[in-house]
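Below is one structure, written out as structure tokens; comments come after it.
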Amino acid sequence: MPLDAATLTGVVSELRPTVEGAKIDKIFQPGRDELVLQLRSAGGNCKLLLSANPAHPRIQLTEVNRENPANPPMFCMLLRKHLSSARIRAIVQPPMERVVDLELEALDELGYRVTRHLILEAMGRRSNLILTEEDGRIIDCVRRVDMETSETHPVLPGLLYRQPPVQPGKENPLLLSREELEQRFLAAPPEQKVTDWLLDSFFGLSPLLCRELVCQGTDSMDARVGTLSPCQNGGFLDTFWQFLEAVRQGRLTPCALYQGGKPKDFSCLFLYQYGLSMECRKYDSFSKLLDDFYATRERQERVRAKGQTLLKSLQNARNRTARKLENQRKELADAQNREQYRISGDLITANLYRMEKGARALTCQNYYDPDCADITIPLDPLLTPQQNAAKYYKRYTKAKTASKVLTEQIAKGEGELDYLDSVLEAVQRAEGERDLTEIRQELEDTGYLRKPQQGKKAPKRVRSKPMEFRSSTGFRISVGRNNTQNDELTCKQAGFRDIWLHTQKIHGSHVIIWTEGREVDAQTLTEAAQLAAYYSQAREGSNVPVDYTPVRYVKKPGGARPGMVIYTTHSTAYVTPDPALAEKLKR
């Protein structure tokens, strides 16, 4: 979802009062193409995010805590060298361009004041973060672009920085007067859609924004230039001009489109084009809008990127276990017919006097059948009658033994499959590299992944803390991040009187309400049940059953996999997961 230049103008206008004059206290690089600058100013501390991710480039103030890698990337170390304790003198956006320039006053190696520029190009797959000297010479960048990749806009250390070239045939609408704008519109081809005319004539406007301007000005998104009445012409031009005035003055409205409670799109203009099919919500700030819009999908992308190898190993193990179970169930079904082998052996033994060596089949009366109907029993012509009977008895004995062994193996395999499903669910909920490392350690301990070879230095074991919440009435609630934490919470930390919650027959986190000797109220139970449902496989569902019981009724069987427990004397609550509640209660 690219950030268009008009919306970026609103973001920059919002940032200026907070960012300009602030001092860079710390620099972090949580991802390959995103930076977090911790700023200190007279108004307080804040965090400025600059993202050059091709899927969601942007600049904003953020309240989301991002996990940083154990070893800072080289670009982060370079920025710390040049920009530590630097002061932001200005934040500049070229008119209607998706480029933001942070002008910084820093100290060089000798302690002299120098000017540096940190430039964000928020341009989809061409997004970049670039550090330059005062004269525009590039020191380094996140994404290096050579002449073979882009002849018009190379970005390499040592080159002079040039702004991205303007799209040919397009104008900056902010430079036009009202009369010039009207002349351009009246000269447009009559058969051209008004939306297409906006997109083809001006840069800095997204298709969503163009459709909204046409919708508000003409009451139709499919209107063509030649079909508009004089009244519609005037209405559209007035709407477009008022929007351009709002952009010039930075008076834009942060709005997001929601469908089914999920954010679908955002803009700097209140959106009417979707009618009642989507809900348009206004926000107090663009930074809050962008945090809400991107928080979930960014976390999922980070987990996919960092946990791809782990996820692949888990999927392979699960598929292998599922195939093995399917084969064992087929073998068990075949073993259920073992009585037929014993009957065939008995009938061959009873009819030995009638048989000759080399016969391929025996047809005789089946005295096990109430009607004594004839039965044909296949024989091996290379074996004697006695050997054929012994062969059927052996198959019967083998099937009888297999039935017992297969039943045990299938039960064990189903438990194994259930455990792997719970780990996969934990991977999907992982919020960063620390969570994934802890899951990897769990899989190494249970034998699904190889441990580091002997002789190599074993990595330091990671132990993260459970997620912490506080109910509306003040009760502390803990939620496990993975199976290891679930065991730790339920079996080691929780007291007998604390309340344990878990989704009924659905993989998810163990949830503990710490009673501290008090009686738990219904509101806290409901909120804890909603957290248990939200941090489970049923997060997208509704009316999710959640069992709860005092911890004294929860037991871990000997030899059980991590996270597996049994419980009795429980009650069940039916709740609907609420992400807003989880965010509200989080400590």
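Please note that chains go A, B, ... in the order of the structure tokens, that every chain numbers its residues from 1, and that ligands are numbered from 1 in the order shown.
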
Picked from stretch 122-347 of chain A by DSSP as alpha helix (DSSP H), as a VMD selection string: chain A and resid 178 to 186 194 to 201 207 to 218 230 to 249 286 to 306 308 to 335 338 to 347

For stretch 571-581 of chain A: contacts at 9 Å, only C-alpha atoms, fewer than 4 positions along chain excluded, given as number ranges by chain: A: 504, 525-527, 529-535, 538-549, 585-586

Restricted to N, CA and C atoms, what would the selected residues look like written as a short mmCIF file (atom, residue, chain, number, x, y, z; two decimals), in the first residue's frame?
data_model
loop_
_atom_site.label_atom_id
_atom_site.label_comp_id
_atom_site.auth_asym_id
_atom_site.auth_seq_id
_atom_site.Cartn_x
_atom_site.Cartn_y
_atom_site.Cartn_z
N GLN A 504 -10.99 -24.31 24.27
CA GLN A 504 -11.41 -25.70 24.34
C GLN A 504 -11.10 -26.44 23.03
N LEU A 525 -12.73 -12.40 34.37
CA LEU A 525 -12.83 -13.71 33.73
C LEU A 525 -13.15 -13.56 32.24
N THR A 526 -14.08 -12.66 31.93
CA THR A 526 -14.46 -12.45 30.53
C THR A 526 -13.28 -11.90 29.73
N GLU A 527 -12.58 -10.92 30.30
CA GLU A 527 -11.44 -10.33 29.59
C GLU A 527 -10.31 -11.33 29.39
N ALA A 529 -10.68 -14.57 29.21
CA ALA A 529 -11.15 -15.53 28.21
C ALA A 529 -11.00 -14.95 26.80
N GLN A 530 -11.26 -13.65 26.64
CA GLN A 530 -11.08 -13.01 25.34
C GLN A 530 -9.61 -13.00 24.93
N LEU A 531 -8.72 -12.82 25.89
CA LEU A 531 -7.28 -12.90 25.59
C LEU A 531 -6.89 -14.31 25.18
N ALA A 532 -7.43 -15.32 25.88
CA ALA A 532 -7.13 -16.72 25.52
C ALA A 532 -7.62 -17.03 24.11
N ALA A 533 -8.79 -16.49 23.75
CA ALA A 533 -9.32 -16.73 22.40
C ALA A 533 -8.52 -15.98 21.35
N TYR A 534 -8.08 -14.75 21.70
CA TYR A 534 -7.33 -13.95 20.73
C TYR A 534 -5.96 -14.55 20.45
N TYR A 535 -5.30 -15.08 21.49
CA TYR A 535 -3.98 -15.68 21.30
C TYR A 535 -4.12 -17.19 21.09
N ALA A 538 -8.20 -19.63 17.08
CA ALA A 538 -9.56 -19.13 16.85
C ALA A 538 -9.61 -17.61 16.88
N ARG A 539 -8.46 -16.95 16.68
CA ARG A 539 -8.40 -15.49 16.77
C ARG A 539 -9.37 -14.81 15.81
N GLU A 540 -9.65 -15.41 14.64
CA GLU A 540 -10.56 -14.80 13.66
C GLU A 540 -12.00 -15.25 13.85
N GLY A 541 -12.26 -16.09 14.85
CA GLY A 541 -13.60 -16.65 15.02
C GLY A 541 -14.48 -15.82 15.93
N SER A 542 -15.62 -16.38 16.26
CA SER A 542 -16.55 -15.74 17.20
C SER A 542 -17.19 -16.84 18.05
N ASN A 543 -17.68 -16.47 19.21
CA ASN A 543 -18.29 -17.44 20.13
C ASN A 543 -17.34 -18.60 20.41
N VAL A 544 -16.11 -18.27 20.74
CA VAL A 544 -15.06 -19.27 20.95
C VAL A 544 -15.18 -19.85 22.37
N PRO A 545 -15.22 -21.19 22.52
CA PRO A 545 -15.29 -21.78 23.87
C PRO A 545 -13.93 -21.72 24.57
N VAL A 546 -13.92 -21.19 25.78
CA VAL A 546 -12.70 -21.10 26.59
C VAL A 546 -12.96 -21.75 27.94
N ASP A 547 -12.17 -22.78 28.26
CA ASP A 547 -12.31 -23.45 29.55
C ASP A 547 -11.47 -22.73 30.60
N TYR A 548 -11.98 -22.67 31.84
CA TYR A 548 -11.21 -22.08 32.92
C TYR A 548 -11.44 -22.87 34.20
N THR A 549 -10.38 -22.92 35.00
CA THR A 549 -10.42 -23.70 36.23
C THR A 549 -9.26 -23.28 37.13
N LEU A 585 -5.52 -3.62 27.25
CA LEU A 585 -5.13 -4.21 28.53
C LEU A 585 -3.63 -4.47 28.62
N LYS A 586 -2.92 -4.38 27.51
CA LYS A 586 -1.50 -4.73 27.51
C LYS A 586 -0.71 -3.75 28.37
#

Contacts of stretch 13-23 of chain A at 9 Å (only C-alpha atoms; same-chain gap of 3+ positions) as a PyMOL selection string: chain A and resi 8-10+38-43+45-46+48+60-61+84-92+249-251+285-287

Those same residues - C-alpha atoms - I'd like them written as a CSV table (one decimal), in the first residue's frame.
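Listed below is the output, again.csv:
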chain,number,residue,atom,x,y,z
A,8,LEU,CA,3.0,12.3,2.9
A,9,THR,CA,2.6,16.1,2.9
A,10,GLY,CA,0.1,15.7,5.7
A,38,GLN,CA,14.9,7.9,19.4
A,39,LEU,CA,14.5,11.7,19.7
A,40,ARG,CA,14.8,13.9,22.7
A,41,SER,CA,13.3,17.4,22.8
A,42,ALA,CA,11.9,20.0,25.1
A,43,GLY,CA,8.4,18.5,24.5
A,45,ASN,CA,11.0,11.8,24.1
A,46,CYS,CA,9.5,10.1,21.0
A,48,LEU,CA,10.7,8.5,14.6
A,60,GLN,CA,6.0,8.6,11.2
A,61,LEU,CA,6.2,8.9,14.9
A,84,SER,CA,24.8,10.2,17.1
A,85,SER,CA,23.6,13.3,19.1
A,86,ALA,CA,22.8,15.1,15.9
A,87,ARG,CA,20.0,17.8,15.9
A,88,ILE,CA,17.3,17.8,13.3
A,89,ARG,CA,17.3,21.3,11.9
A,90,ALA,CA,14.5,20.8,9.3
A,91,ILE,CA,12.3,18.2,7.7
A,92,VAL,CA,11.7,19.0,4.0
A,249,GLN,CA,-1.7,24.6,4.1
A,250,GLY,CA,-1.2,21.0,5.6
A,251,ARG,CA,-4.9,20.8,6.6
A,285,SER,CA,-2.9,11.9,13.8
A,286,PHE,CA,-1.3,10.3,10.7
A,287,SER,CA,1.2,8.5,13.0

Interatomic distance (Å, one decimal) between atom CA of A:Ala494 and atom CA of A:Tyr553: 12.0 Å
